[in-house]
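Structure file run.cif with mmCIF, C-alpha atoms and all ligand atoms:
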data_entry
loop_
_atom_site.label_atom_id
_atom_site.label_comp_id
_atom_site.auth_asym_id
_atom_site.auth_seq_id
_atom_site.Cartn_x
_atom_site.Cartn_y
_atom_site.Cartn_z
CA MET A 1 28.26 2.77 -2.08
CA ALA A 2 26.10 4.94 -4.25
CA ARG A 3 23.98 2.95 -6.66
CA PHE A 4 21.61 5.68 -7.79
CA GLU A 5 21.86 9.25 -9.07
CA LYS A 6 21.31 12.04 -6.59
CA ASP A 7 17.87 12.90 -8.01
CA PHE A 8 16.59 9.31 -7.79
CA LEU A 9 13.79 9.18 -5.22
CA LEU A 10 15.10 6.98 -2.45
CA GLY A 11 12.93 6.62 0.58
CA ALA A 12 10.64 4.66 2.80
CA ALA A 13 6.87 4.21 2.77
CA THR A 14 4.13 4.18 5.39
CA ALA A 15 0.33 4.22 5.39
CA ALA A 16 -1.68 6.46 7.70
CA HIS A 17 -3.72 3.80 9.47
CA GLN A 18 -0.71 1.58 10.06
CA VAL A 19 1.37 4.23 11.81
CA GLU A 20 -0.61 7.28 12.92
CA GLY A 21 -2.82 5.84 15.65
CA ASN A 22 -6.43 6.56 16.64
CA ASN A 23 -7.89 6.66 13.17
CA THR A 24 -11.33 6.56 14.74
CA ASN A 25 -13.53 7.59 11.81
CA SER A 26 -12.27 4.82 9.55
CA ASP A 27 -13.84 1.49 8.66
CA ASN A 28 -10.80 -0.42 9.87
CA TRP A 29 -10.85 1.17 13.30
CA VAL A 30 -14.47 0.20 13.78
CA GLN A 31 -13.87 -3.36 12.60
CA GLU A 32 -10.90 -3.73 14.95
CA GLN A 33 -13.10 -2.76 17.91
CA MET A 34 -15.81 -5.34 17.22
CA ALA A 35 -16.21 -8.07 19.85
CA HIS A 36 -15.86 -10.75 17.16
CA SER A 37 -13.24 -8.95 15.15
CA SER A 38 -10.98 -11.02 12.90
CA PHE A 39 -8.07 -8.70 13.75
CA THR A 40 -5.56 -10.23 16.13
CA GLU A 41 -5.29 -6.89 17.92
CA PRO A 42 -6.53 -3.32 17.38
CA SER A 43 -4.31 -0.61 15.90
CA GLY A 44 -4.73 1.66 18.96
CA ASN A 45 -2.01 4.28 19.09
CA ALA A 46 -0.15 2.51 16.29
CA CYS A 47 3.29 4.17 16.13
CA ASP A 48 1.92 7.52 17.24
CA HIS A 49 3.29 8.87 13.98
CA TYR A 50 0.47 11.42 14.03
CA ASN A 51 2.38 13.16 16.84
CA ARG A 52 5.90 11.94 16.09
CA PHE A 53 6.10 12.51 12.34
CA ALA A 54 8.80 15.19 12.70
CA GLU A 55 11.09 12.79 14.56
CA ASP A 56 10.45 10.05 12.00
CA ILE A 57 11.06 12.33 9.03
CA ALA A 58 14.28 13.59 10.61
CA LEU A 59 15.50 9.98 10.97
CA MET A 60 15.05 9.42 7.23
CA ALA A 61 16.83 12.65 6.37
CA LYS A 62 19.71 11.83 8.69
CA ALA A 63 20.13 8.45 7.04
CA GLY A 64 20.45 10.08 3.61
CA LEU A 65 17.01 9.40 2.15
CA ASN A 66 15.46 12.09 -0.05
CA ALA A 67 11.80 11.06 -0.30
CA TYR A 68 8.95 9.88 1.90
CA ARG A 69 5.83 8.09 0.70
CA PHE A 70 2.92 8.40 3.11
CA SER A 71 -0.83 8.44 2.89
CA ILE A 72 -3.38 11.07 3.76
CA GLU A 73 -6.27 9.61 5.71
CA TRP A 74 -9.58 10.28 3.96
CA ALA A 75 -11.49 9.46 7.16
CA ARG A 76 -9.66 12.29 8.94
CA ILE A 77 -9.97 14.85 6.15
CA GLU A 78 -13.65 14.12 5.43
CA PRO A 79 -15.04 12.50 8.60
CA GLU A 80 -18.59 13.16 7.46
CA GLU A 81 -19.72 13.16 3.88
CA GLY A 82 -18.99 16.55 2.34
CA VAL A 83 -17.50 18.00 5.54
CA PHE A 84 -13.78 18.73 5.34
CA ASP A 85 -11.90 19.03 8.61
CA GLU A 86 -9.65 22.09 8.80
CA LYS A 87 -7.56 20.88 11.70
CA GLU A 88 -6.72 17.63 9.92
CA THR A 89 -6.07 19.52 6.71
CA ALA A 90 -3.55 21.64 8.62
CA HIS A 91 -1.98 18.48 10.05
CA TYR A 92 -1.04 17.06 6.66
CA ARG A 93 0.13 20.49 5.53
CA ASP A 94 2.56 20.33 8.46
CA VAL A 95 3.71 16.84 7.43
CA ILE A 96 4.35 17.99 3.86
CA ARG A 97 6.21 21.07 5.07
CA CYS A 98 8.29 18.95 7.44
CA CYS A 99 9.34 16.71 4.54
CA LYS A 100 10.43 19.74 2.55
CA ASP A 101 12.29 21.29 5.47
CA ASN A 102 14.22 18.02 5.76
CA GLY A 103 14.98 17.78 2.05
CA LEU A 104 12.54 14.92 1.43
CA GLU A 105 10.16 14.85 -1.54
CA PRO A 106 6.66 14.00 -0.26
CA ILE A 107 4.92 11.32 -2.33
CA VAL A 108 1.32 11.30 -1.23
CA THR A 109 -1.15 8.43 -1.46
CA LEU A 110 -4.81 9.44 -1.23
CA HIS A 111 -6.19 6.07 -0.21
CA HIS A 112 -4.25 3.30 1.48
CA PHE A 113 -6.90 0.65 2.24
CA THR A 114 -8.89 2.54 4.91
CA SER A 115 -12.05 4.51 4.12
CA PRO A 116 -14.41 6.74 6.08
CA VAL A 117 -17.21 4.80 7.76
CA TRP A 118 -19.81 6.88 5.90
CA LEU A 119 -18.45 5.68 2.54
CA ILE A 120 -18.85 2.03 3.52
CA ARG A 121 -22.38 2.69 4.75
CA LYS A 122 -23.14 3.92 1.23
CA GLY A 123 -21.92 0.64 -0.26
CA GLY A 124 -18.18 1.26 -0.19
CA TRP A 125 -16.02 -0.06 -3.00
CA GLU A 126 -18.95 -1.69 -4.78
CA ALA A 127 -21.11 1.47 -4.90
CA ASP A 128 -21.68 3.52 -8.05
CA THR A 129 -21.43 6.72 -6.02
CA THR A 130 -17.87 6.04 -4.81
CA PRO A 131 -15.96 7.37 -7.85
CA THR A 132 -17.65 10.76 -7.44
CA ASP A 133 -17.02 10.79 -3.69
CA PHE A 134 -13.39 9.85 -4.16
CA ALA A 135 -12.88 12.48 -6.86
CA ARG A 136 -14.30 15.19 -4.59
CA TYR A 137 -11.78 14.28 -1.92
CA ALA A 138 -8.96 14.08 -4.49
CA ARG A 139 -9.80 17.54 -5.79
CA TYR A 140 -9.76 18.93 -2.27
CA ILE A 141 -6.30 17.50 -1.63
CA ALA A 142 -4.96 18.82 -4.94
CA GLU A 143 -6.38 22.26 -4.19
CA GLN A 144 -5.01 22.31 -0.65
CA TYR A 145 -1.52 20.95 -1.22
CA GLY A 146 -1.06 20.90 -4.99
CA SER A 147 1.59 23.60 -5.08
CA GLU A 148 3.73 21.55 -2.65
CA LEU A 149 3.49 18.21 -4.43
CA GLN A 150 4.95 16.61 -7.52
CA TYR A 151 3.46 13.13 -7.23
CA ILE A 152 0.14 11.73 -6.10
CA CYS A 153 -0.80 8.04 -5.93
CA THR A 154 -4.59 7.81 -6.02
CA LEU A 155 -5.29 4.27 -4.78
CA ASN A 156 -2.88 1.90 -3.10
CA GLU A 157 -2.94 -1.60 -4.56
CA ALA A 158 -6.00 -1.09 -6.68
CA ASN A 159 -5.92 -4.81 -7.48
CA MET A 160 -5.88 -6.08 -3.88
CA GLY A 161 -9.63 -6.81 -3.66
CA ILE A 162 -9.46 -8.96 -6.78
CA GLN A 163 -6.42 -10.84 -5.47
CA ILE A 164 -8.25 -11.50 -2.24
CA ALA A 165 -11.35 -12.71 -4.06
CA VAL A 166 -9.28 -15.18 -6.05
CA VAL A 167 -7.26 -16.47 -3.11
CA ALA A 168 -10.35 -16.71 -0.92
CA GLN A 169 -11.96 -18.96 -3.50
CA GLN A 170 -8.88 -21.14 -3.57
CA ILE A 171 -8.96 -21.43 0.19
CA PHE A 172 -12.49 -22.67 -0.02
CA GLN A 173 -11.22 -25.36 -2.33
CA ALA A 174 -8.70 -26.30 0.36
CA MET A 175 -5.81 -24.75 -1.54
CA VAL A 176 -4.14 -22.62 1.07
CA ALA A 177 -1.86 -20.67 -1.21
CA ALA A 178 0.74 -19.54 1.28
CA GLY A 179 2.38 -16.36 0.13
CA LYS A 180 -0.27 -15.49 -2.41
CA VAL A 181 -1.38 -12.18 -0.92
CA GLN A 182 1.13 -9.48 -0.14
CA VAL A 183 -0.70 -8.14 2.88
CA GLY A 184 -1.60 -9.29 6.38
CA VAL A 185 -5.26 -10.21 6.18
CA ASN A 186 -6.84 -13.22 7.80
CA LEU A 187 -8.34 -14.90 4.75
CA GLU A 188 -9.73 -17.95 6.45
CA ASP A 189 -11.84 -15.86 8.80
CA LEU A 190 -12.83 -13.66 5.94
CA MET A 191 -14.22 -16.57 3.97
CA LYS A 192 -15.69 -18.73 6.71
CA GLY A 193 -17.66 -15.80 7.97
CA ASN A 194 -18.75 -15.45 11.56
CA PRO A 195 -22.46 -14.89 12.16
CA LEU A 196 -21.79 -12.78 15.26
CA LEU A 197 -19.35 -10.59 13.35
CA ALA A 198 -21.92 -10.32 10.57
CA GLN A 199 -24.40 -8.89 13.10
CA GLU A 200 -21.85 -6.36 14.31
CA ASN A 201 -21.13 -5.29 10.75
CA MET A 202 -24.84 -4.95 10.10
CA ALA A 203 -25.21 -2.65 13.10
CA VAL A 204 -22.42 -0.30 12.00
CA PHE A 205 -22.41 -0.48 8.23
CA GLY A 206 -25.98 -1.57 7.46
CA THR A 207 -24.72 -4.72 5.75
CA ASP A 208 -23.26 -8.00 7.01
CA ARG A 209 -20.56 -7.91 4.30
CA PRO A 210 -19.22 -4.37 4.17
CA ALA A 211 -17.42 -3.59 0.92
CA VAL A 212 -14.25 -2.26 2.51
CA PHE A 213 -11.29 -1.86 0.17
CA VAL A 214 -9.53 -5.01 1.37
CA SER A 215 -12.35 -7.50 0.95
CA PRO A 216 -13.18 -9.92 -1.84
CA ARG A 217 -14.16 -7.71 -4.79
CA THR A 218 -16.66 -8.45 -7.55
CA PRO A 219 -16.05 -7.58 -11.21
CA HIS A 220 -18.41 -4.64 -10.65
CA GLY A 221 -16.26 -3.47 -7.74
CA ASP A 222 -13.21 -3.73 -9.98
CA GLU A 223 -14.95 -1.38 -12.42
CA ILE A 224 -15.76 1.02 -9.58
CA VAL A 225 -12.12 1.08 -8.52
CA MET A 226 -11.01 1.89 -12.07
CA GLN A 227 -13.65 4.61 -12.38
CA ALA A 228 -12.61 6.08 -9.02
CA HIS A 229 -9.00 6.26 -10.17
CA ALA A 230 -9.89 7.90 -13.49
CA ALA A 231 -12.21 10.41 -11.80
CA ALA A 232 -9.61 11.32 -9.18
CA ARG A 233 -6.91 11.69 -11.84
CA LYS A 234 -9.13 14.11 -13.76
CA ALA A 235 -9.91 16.13 -10.63
CA ILE A 236 -6.24 16.35 -9.64
CA ARG A 237 -5.21 17.47 -13.12
CA GLU A 238 -7.89 20.15 -13.18
CA ALA A 239 -6.79 21.52 -9.80
CA ALA A 240 -3.01 21.08 -10.16
CA PRO A 241 -1.96 20.20 -13.73
CA HIS A 242 1.74 19.85 -12.89
CA ILE A 243 1.22 16.88 -10.59
CA LYS A 244 2.22 13.44 -11.83
CA VAL A 245 -0.62 11.01 -11.14
CA GLY A 246 -0.66 7.23 -10.91
CA TRP A 247 -1.90 4.39 -8.75
CA THR A 248 -0.10 1.43 -7.23
CA LEU A 249 -0.53 -2.29 -7.85
CA SER A 250 0.44 -5.34 -5.84
CA LEU A 251 2.48 -7.30 -8.35
CA HIS A 252 3.89 -10.76 -7.71
CA ASP A 253 6.68 -12.07 -9.82
CA VAL A 254 4.41 -14.60 -11.50
CA GLN A 255 6.46 -17.55 -12.73
CA ALA A 256 5.07 -20.56 -14.58
CA VAL A 257 6.46 -24.01 -13.93
CA PRO A 258 6.13 -26.37 -16.92
CA GLY A 259 2.43 -26.88 -17.63
CA GLY A 260 1.44 -23.71 -15.76
CA GLU A 261 1.95 -21.27 -18.63
CA ALA A 262 -1.71 -20.66 -19.44
CA LYS A 263 -2.65 -20.22 -15.79
CA ALA A 264 0.25 -17.83 -15.30
CA VAL A 265 -1.00 -15.66 -18.17
CA GLU A 266 -4.46 -15.67 -16.59
CA GLU A 267 -2.98 -14.67 -13.25
CA TRP A 268 -0.95 -11.81 -14.74
CA ASP A 269 -3.94 -10.56 -16.66
CA GLN A 270 -6.04 -10.42 -13.53
CA GLU A 271 -3.24 -8.81 -11.52
CA PHE A 272 -1.96 -6.36 -14.16
CA SER A 273 -2.83 -6.52 -17.85
CA HIS A 274 -6.55 -5.91 -17.67
CA TYR A 275 -5.84 -2.56 -16.00
CA LEU A 276 -3.72 -1.29 -18.91
CA PRO A 277 -6.57 0.67 -20.57
CA VAL A 278 -7.34 2.69 -17.43
CA MET A 279 -3.64 3.24 -16.74
CA ALA A 280 -2.84 4.37 -20.27
CA ASP A 281 -3.27 8.02 -19.29
CA ASP A 282 -1.26 7.78 -16.04
CA ASP A 283 2.09 9.50 -15.57
CA PHE A 284 3.56 6.68 -13.54
CA LEU A 285 2.83 3.27 -12.08
CA GLY A 286 3.61 2.44 -8.46
CA VAL A 287 5.07 -1.08 -8.41
CA GLN A 288 4.71 -3.05 -5.16
CA ASN A 289 6.48 -6.36 -5.02
CA TYR A 290 7.49 -8.60 -2.14
CA SER A 291 7.99 -12.08 -3.54
CA ARG A 292 7.23 -14.46 -6.39
CA THR A 293 4.38 -16.83 -7.09
CA LEU A 294 4.99 -20.13 -8.83
CA ILE A 295 2.10 -21.27 -10.99
CA GLY A 296 1.38 -24.86 -11.98
CA PRO A 297 -1.37 -26.26 -14.20
CA ASN A 298 -3.95 -25.81 -11.41
CA GLY A 299 -2.84 -22.45 -10.11
CA SER A 300 -0.41 -21.27 -7.47
CA LEU A 301 2.02 -23.66 -5.86
CA PRO A 302 3.37 -23.68 -2.31
CA VAL A 303 6.73 -22.14 -1.49
CA PRO A 304 9.43 -24.59 -2.68
CA ASP A 305 10.87 -26.93 -0.06
CA GLY A 306 13.90 -25.53 1.65
CA ALA A 307 13.30 -21.95 0.53
CA GLU A 308 13.82 -19.18 3.08
CA ILE A 309 10.49 -17.75 4.18
CA THR A 310 9.71 -14.39 5.74
CA GLN A 311 7.52 -13.71 8.78
CA MET A 312 4.66 -13.28 6.30
CA GLU A 313 5.21 -16.90 5.21
CA TYR A 314 6.02 -16.08 1.66
CA GLU A 315 9.32 -16.78 -0.02
CA TYR A 316 12.38 -14.55 0.46
CA TYR A 317 12.84 -13.56 -3.15
CA PRO A 318 14.28 -10.07 -3.69
CA GLU A 319 15.03 -10.86 -7.36
CA GLY A 320 11.29 -10.63 -8.01
CA LEU A 321 11.30 -6.84 -8.07
CA ALA A 322 13.49 -6.46 -11.16
CA HIS A 323 11.56 -9.22 -12.92
CA VAL A 324 8.31 -7.34 -12.32
CA LEU A 325 9.76 -3.99 -13.41
CA ARG A 326 10.97 -5.47 -16.68
CA ARG A 327 7.66 -7.16 -17.26
CA VAL A 328 5.42 -4.14 -16.66
CA ALA A 329 7.70 -1.87 -18.74
CA LYS A 330 6.85 -3.92 -21.83
CA ASP A 331 3.22 -2.78 -21.68
CA PHE A 332 3.08 0.34 -19.51
CA HIS A 333 4.90 3.29 -21.00
CA GLY A 334 4.92 5.88 -18.22
CA ASP A 335 7.48 6.21 -15.45
CA LEU A 336 7.88 3.47 -12.86
CA ILE A 337 8.29 4.05 -9.14
CA VAL A 338 8.84 1.20 -6.72
CA THR A 339 6.33 2.40 -4.15
CA GLU A 340 6.78 -0.69 -1.93
CA ASN A 341 9.30 -3.49 -1.60
CA GLY A 342 10.31 -5.03 1.67
CA ILE A 343 10.56 -7.92 4.07
CA ALA A 344 9.15 -8.78 7.48
CA THR A 345 11.95 -10.31 9.49
CA ALA A 346 13.38 -10.21 12.98
CA ASP A 347 16.88 -10.48 11.48
CA ASP A 348 17.85 -7.04 10.23
CA SER A 349 20.85 -8.42 8.34
CA ARG A 350 18.37 -10.29 6.10
CA ARG A 351 16.56 -7.01 5.53
CA ALA A 352 19.78 -5.30 4.43
CA ALA A 353 20.57 -8.28 2.18
CA PHE A 354 17.08 -8.12 0.70
CA ILE A 355 17.42 -4.39 -0.01
CA ASP A 356 20.87 -4.95 -1.49
CA THR A 357 19.67 -7.55 -4.01
CA ALA A 358 16.42 -5.77 -4.82
CA THR A 359 18.02 -2.35 -5.40
CA GLN A 360 20.83 -3.86 -7.48
CA GLY A 361 18.03 -5.25 -9.66
CA VAL A 362 16.52 -1.76 -9.91
CA ALA A 363 19.89 -0.24 -10.84
CA ASP A 364 20.32 -2.88 -13.57
CA CYS A 365 16.86 -2.01 -14.95
CA ILE A 366 17.82 1.67 -15.08
CA ALA A 367 21.10 0.82 -16.81
CA ASP A 368 19.03 -1.02 -19.42
CA GLY A 369 16.95 2.09 -20.04
CA LEU A 370 13.87 1.49 -17.89
CA PRO A 371 12.34 4.74 -16.55
CA VAL A 372 12.49 3.80 -12.86
CA LYS A 373 12.38 7.04 -10.89
CA GLY A 374 12.32 5.88 -7.30
CA TYR A 375 12.52 3.11 -4.71
CA PHE A 376 10.56 3.15 -1.45
CA TYR A 377 11.25 0.47 1.10
CA TRP A 378 8.22 -0.87 3.00
CA SER A 379 8.25 0.18 5.72
CA LEU A 380 9.85 2.99 7.66
CA LEU A 381 8.56 1.66 10.99
CA ASP A 382 7.64 -1.64 12.58
CA ASN A 383 3.92 -0.99 12.30
CA PHE A 384 0.37 -2.32 12.29
CA GLU A 385 0.19 -5.08 9.69
CA TRP A 386 -3.59 -5.09 9.42
CA GLN A 387 -5.21 -8.30 10.67
CA LYS A 388 -1.84 -9.72 11.65
CA GLY A 389 -1.29 -6.87 14.09
CA TYR A 390 2.14 -5.80 15.31
CA ALA A 391 3.94 -9.14 15.02
CA MET A 392 5.26 -8.51 11.51
CA THR A 393 8.42 -6.42 11.64
CA PHE A 394 8.96 -4.75 8.25
CA GLY A 395 10.59 -1.61 9.65
CA LEU A 396 13.89 0.13 9.02
CA VAL A 397 13.18 1.56 12.45
CA GLY A 398 11.98 -0.47 15.42
CA VAL A 399 9.28 0.89 17.70
CA ASN A 400 9.07 0.07 21.38
CA ARG A 401 5.38 -0.67 21.86
CA GLU A 402 5.38 0.56 25.45
CA THR A 403 7.36 3.77 25.12
CA GLN A 404 7.05 4.42 21.35
CA GLN A 405 10.78 4.96 21.38
CA ARG A 406 12.36 4.68 17.92
CA GLN A 407 15.24 2.25 17.33
CA PRO A 408 16.84 2.85 13.93
CA LYS A 409 18.23 -0.38 12.47
CA ALA A 410 21.39 -0.89 10.43
CA SER A 411 19.23 -1.45 7.34
CA LEU A 412 18.14 2.21 7.50
CA SER A 413 21.73 3.44 7.25
CA PHE A 414 22.42 0.90 4.53
CA LEU A 415 19.51 2.14 2.43
CA GLY A 416 20.73 5.71 2.89
CA THR A 417 24.13 4.89 1.38
CA LEU A 418 22.61 3.89 -1.95
CA ARG A 419 22.47 7.39 -3.43
C1 LIG B 501 0.20 -3.40 0.90
C2 LIG B 501 0.32 -2.49 1.76
C3 LIG B 501 0.92 -2.43 3.06
C4 LIG B 501 1.33 -3.72 3.71
C5 LIG B 501 2.56 -4.30 3.09
C6 LIG B 501 3.12 -5.48 3.83
O1 LIG B 501 0.20 -2.56 0.04
O2 LIG B 501 -0.05 -4.54 0.92
O3 LIG B 501 0.56 -1.31 1.07
O4 LIG B 501 -0.12 -1.82 3.74
O5 LIG B 501 1.55 -3.47 5.04
O6 LIG B 501 2.30 -4.72 1.80
O7 LIG B 501 2.28 -6.57 3.79
#
So that I can check it, write out the structure of this file as structure tokens.
Ligand code: GCO
Amino acid sequence: MARFEKDFLLGAATAAHQVEGNNTNSDNWVQEQMAHSSFTEPSGNACDHYNRFAEDIALMAKAGLNAYRFSIEWARIEPEEGVFDEKETAHYRDVIRCCKDNGLEPIVTLHHFTSPVWLIRKGGWEADTTPTDFARYARYIAEQYGSELQYICTLNEANMGIQIAVVAQQIFQAMVAAGKVQVGVNLEDLMKGNPLLAQENMAVFGTDRPAVFVSPRTPHGDEIVMQAHAAARKAIREAAPHIKVGWTLSLHDVQAVPGGEAKAVEEWDQEFSHYLPVMADDDFLGVQNYSRTLIGPNGSLPVPDGAEITQMEYEYYPEGLAHVLRRVAKDFHGDLIVTENGIATADDSRRAAFIDTATQGVADCIADGLPVKGYFYWSLLDNFEWQKGYAMTFGLVGVNRETQQRQPKASLSFLGTLR
């Protein structure tokens, strides 16, 4: 049953590195190949989406979706500093065209966690040169594809590095905050450090602690990320003024238990509020929510006893999405797009139930006047969940790892009925 207007953007999301395969010029690829890698397995061919995008896009169209959020891989477009690759540029032009031919609005993300190796060698997401480098790439994309696009997300989960820094600290204090980070990274390894891995990093990146996007970020790095976003936004607007620009944030439904109120405010400020000045000039905010976090007087609490947990070990809590939308709308006055919301589960009926509750929450927000323009389920495919590898099944479509054959799930058809 339709829950949204026909022009509401209803779709699924992916990220280049997690689905395309063979992203060989990226920092992640190199780290996955290291002998002492903290990744459970390498991404390899991933879902071969690089070659099978037309089939995947057709599946979404057939199900009734009208939008696709995907990322362009910077490491493919600019494999060497200042050198733009024409073949890869043509590839993403084909992807965008394929979306349009299938009646899907392409929502492009410029950076979804992975970066070119050369950027990390220069100091990565802690380096003062990165905002300029990122803006050059953003301008190129806007010049190349601007006439075909209406929306660009600059950075995916701009706040992830800060979340990881905070959680990593807590882990050191023996507070394993299960469910605190909405992404599959191996935090314990990250914090303990492995001297052999440090040597391998040194050999490739010239530093034993490469400042990749998904690593504990310093306050300086947080500034760099904000500057990179603002510089990219300016470049995009100069090249293609009609494009709506925003970034995305990983936003937990932060809930205080009695006594945890002050901590919860601190948590929300670090996750959201302190970014308000840089976001003030954005057209939209990409909201990414998967669960809630309960906060007590000393910080985050474990998942309540008896609660249903997902494969990611955080709480099944689809109500969190509407809570977060209502909360951000109080302070951010542009449009809102749910750029990610989803569940890793082997039981597809739980996925459909999750989508049902979450999207009903979105529809209620819209009925109350919130400017929510779209909902993108994470993820289209069972894909590479970073350091956790292929074990996490978020997809609306299963992928046979041997044959790459696609297996659309009932949740895909269910999502398609909502507009
Ligand atoms: C994230 C990411 C995705 C993850 C997803 C599931 O933004 O954290 O955008 O890459 O795969 O969140 O953990």
Enclose all atoms of ligand LIG 501 (chain B) listed in the file in an axis-aligned box, grow every side by 6 Å, and hand back centre and edge lengths in Å to one decimal, as lines of an AutoDock Vina configuration file.
center_x = 1.5
center_y = -3.9
center_z = 2.5
size_x = 15.2
size_y = 17.3
size_z = 17.0
Could you check the closest approach to ligand LIG 501 (chain B) for each of A:His274, A:Arg52, A:His323, A:Lys388 and tell me which residue wins, using all atoms listed in the file?
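Comparing A:His274, A:Arg52, A:His323, A:Lys388 against ligand LIG 501 (chain B), the winner is A:Lys388.
When atom CA of Ala391 of chain A is paired with atom CA of Trp378 of chain A, their separation reads 15.2 Å.
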Mind running chain A against ligand LIG 501 (chain B) at 9 Å and telling me each contacting residue's nearest atom pair with the distance in Å (one decimal), counting all atoms listed in the file, chain and number ascending, as a Markdown table?
| residue | atom | partner | partner_atom | distance |
| --- | --- | --- | --- | --- |
| A:Ala13 | CA | B:LIG501 | O3 | 8.6 |
| A:Thr14 | CA | B:LIG501 | O4 | 7.5 |
| A:Ala15 | CA | B:LIG501 | O4 | 6.3 |
| A:His17 | CA | B:LIG501 | O4 | 8.8 |
| A:Gln18 | CA | B:LIG501 | O4 | 7.2 |
| A:His112 | CA | B:LIG501 | O3 | 6.7 |
| A:Phe113 | CA | B:LIG501 | O4 | 7.4 |
| A:Asn156 | CA | B:LIG501 | O1 | 6.3 |
| A:Glu157 | CA | B:LIG501 | O1 | 5.7 |
| A:Met160 | CA | B:LIG501 | O2 | 7.7 |
| A:Val181 | CA | B:LIG501 | O2 | 8.0 |
| A:Gln182 | CA | B:LIG501 | O7 | 5.0 |
| A:Val183 | CA | B:LIG501 | O7 | 3.5 |
| A:Gly184 | CA | B:LIG501 | O7 | 5.4 |
| A:Val185 | CA | B:LIG501 | O7 | 8.7 |
| A:Thr248 | CA | B:LIG501 | O1 | 8.3 |
| A:Leu249 | CA | B:LIG501 | O1 | 7.9 |
| A:Ser250 | CA | B:LIG501 | O1 | 6.5 |
| A:Gln288 | CA | B:LIG501 | O1 | 6.9 |
| A:Asn289 | CA | B:LIG501 | O6 | 8.2 |
| A:Tyr290 | CA | B:LIG501 | O6 | 7.6 |
| A:Met312 | CA | B:LIG501 | O7 | 7.5 |
| A:Thr339 | CA | B:LIG501 | O3 | 8.6 |
| A:Glu340 | CA | B:LIG501 | O3 | 6.9 |
| A:Asn341 | CA | B:LIG501 | O6 | 7.9 |
| A:Gly342 | CA | B:LIG501 | C6 | 7.5 |
| A:Ile343 | CA | B:LIG501 | C6 | 7.8 |
| A:Ala344 | CA | B:LIG501 | C6 | 7.8 |
| A:Trp378 | CA | B:LIG501 | C5 | 6.6 |
| A:Ser379 | CA | B:LIG501 | O5 | 7.7 |
| A:Asn383 | CA | B:LIG501 | O5 | 8.0 |
| A:Phe384 | CA | B:LIG501 | O5 | 7.4 |
| A:Glu385 | CA | B:LIG501 | O5 | 5.1 |
| A:Trp386 | CA | B:LIG501 | O5 | 6.9 |
| A:Met392 | CA | B:LIG501 | O7 | 8.5 |
| A:Phe394 | CA | B:LIG501 | C6 | 7.4 |
Give me the residues near segment 227-236 of chain A as an MDAnalysis selection string, where near means some atom within 8 Å (using all atoms listed in the file) and where sequence neighbours in that chain fewer than 4 positions away do not count.
chainID A and resid 130:132 134:136 138:139 142 154:155 223 240:241 243 245:247 278
Could you write out the selected residues, including C-alpha atoms, as a compact mmCIF listing (two decimals), in the coordinates of the input?
# COMPACT_ATOMS: atom_id res chain seq x y z
CA THR A 130 -17.87 6.04 -4.81
CA PRO A 131 -15.96 7.37 -7.85
CA THR A 132 -17.65 10.76 -7.44
CA PHE A 134 -13.39 9.85 -4.16
CA ALA A 135 -12.88 12.48 -6.86
CA ARG A 136 -14.30 15.19 -4.59
CA ALA A 138 -8.96 14.08 -4.49
CA ARG A 139 -9.80 17.54 -5.79
CA ALA A 142 -4.96 18.82 -4.94
CA THR A 154 -4.59 7.81 -6.02
CA LEU A 155 -5.29 4.27 -4.78
CA GLU A 223 -14.95 -1.38 -12.42
CA ALA A 240 -3.01 21.08 -10.16
CA PRO A 241 -1.96 20.20 -13.73
CA ILE A 243 1.22 16.88 -10.59
CA VAL A 245 -0.62 11.01 -11.14
CA GLY A 246 -0.66 7.23 -10.91
CA TRP A 247 -1.90 4.39 -8.75
CA VAL A 278 -7.34 2.69 -17.43
Could you give me, as a ChimeraX atom specification, the residues that sit within 6 Å of (-17.3, 2.0, 10.8) in the file's coordinates, counting all atoms listed in the file?
/A:26-27,30,117,204
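With all atoms listed in the file as the atoms that count, the residue of A:Asp253, A:Glu315, A:Asp348, A:Glu80 with the shortest distance to Pro302 of chain A is A:Glu315.
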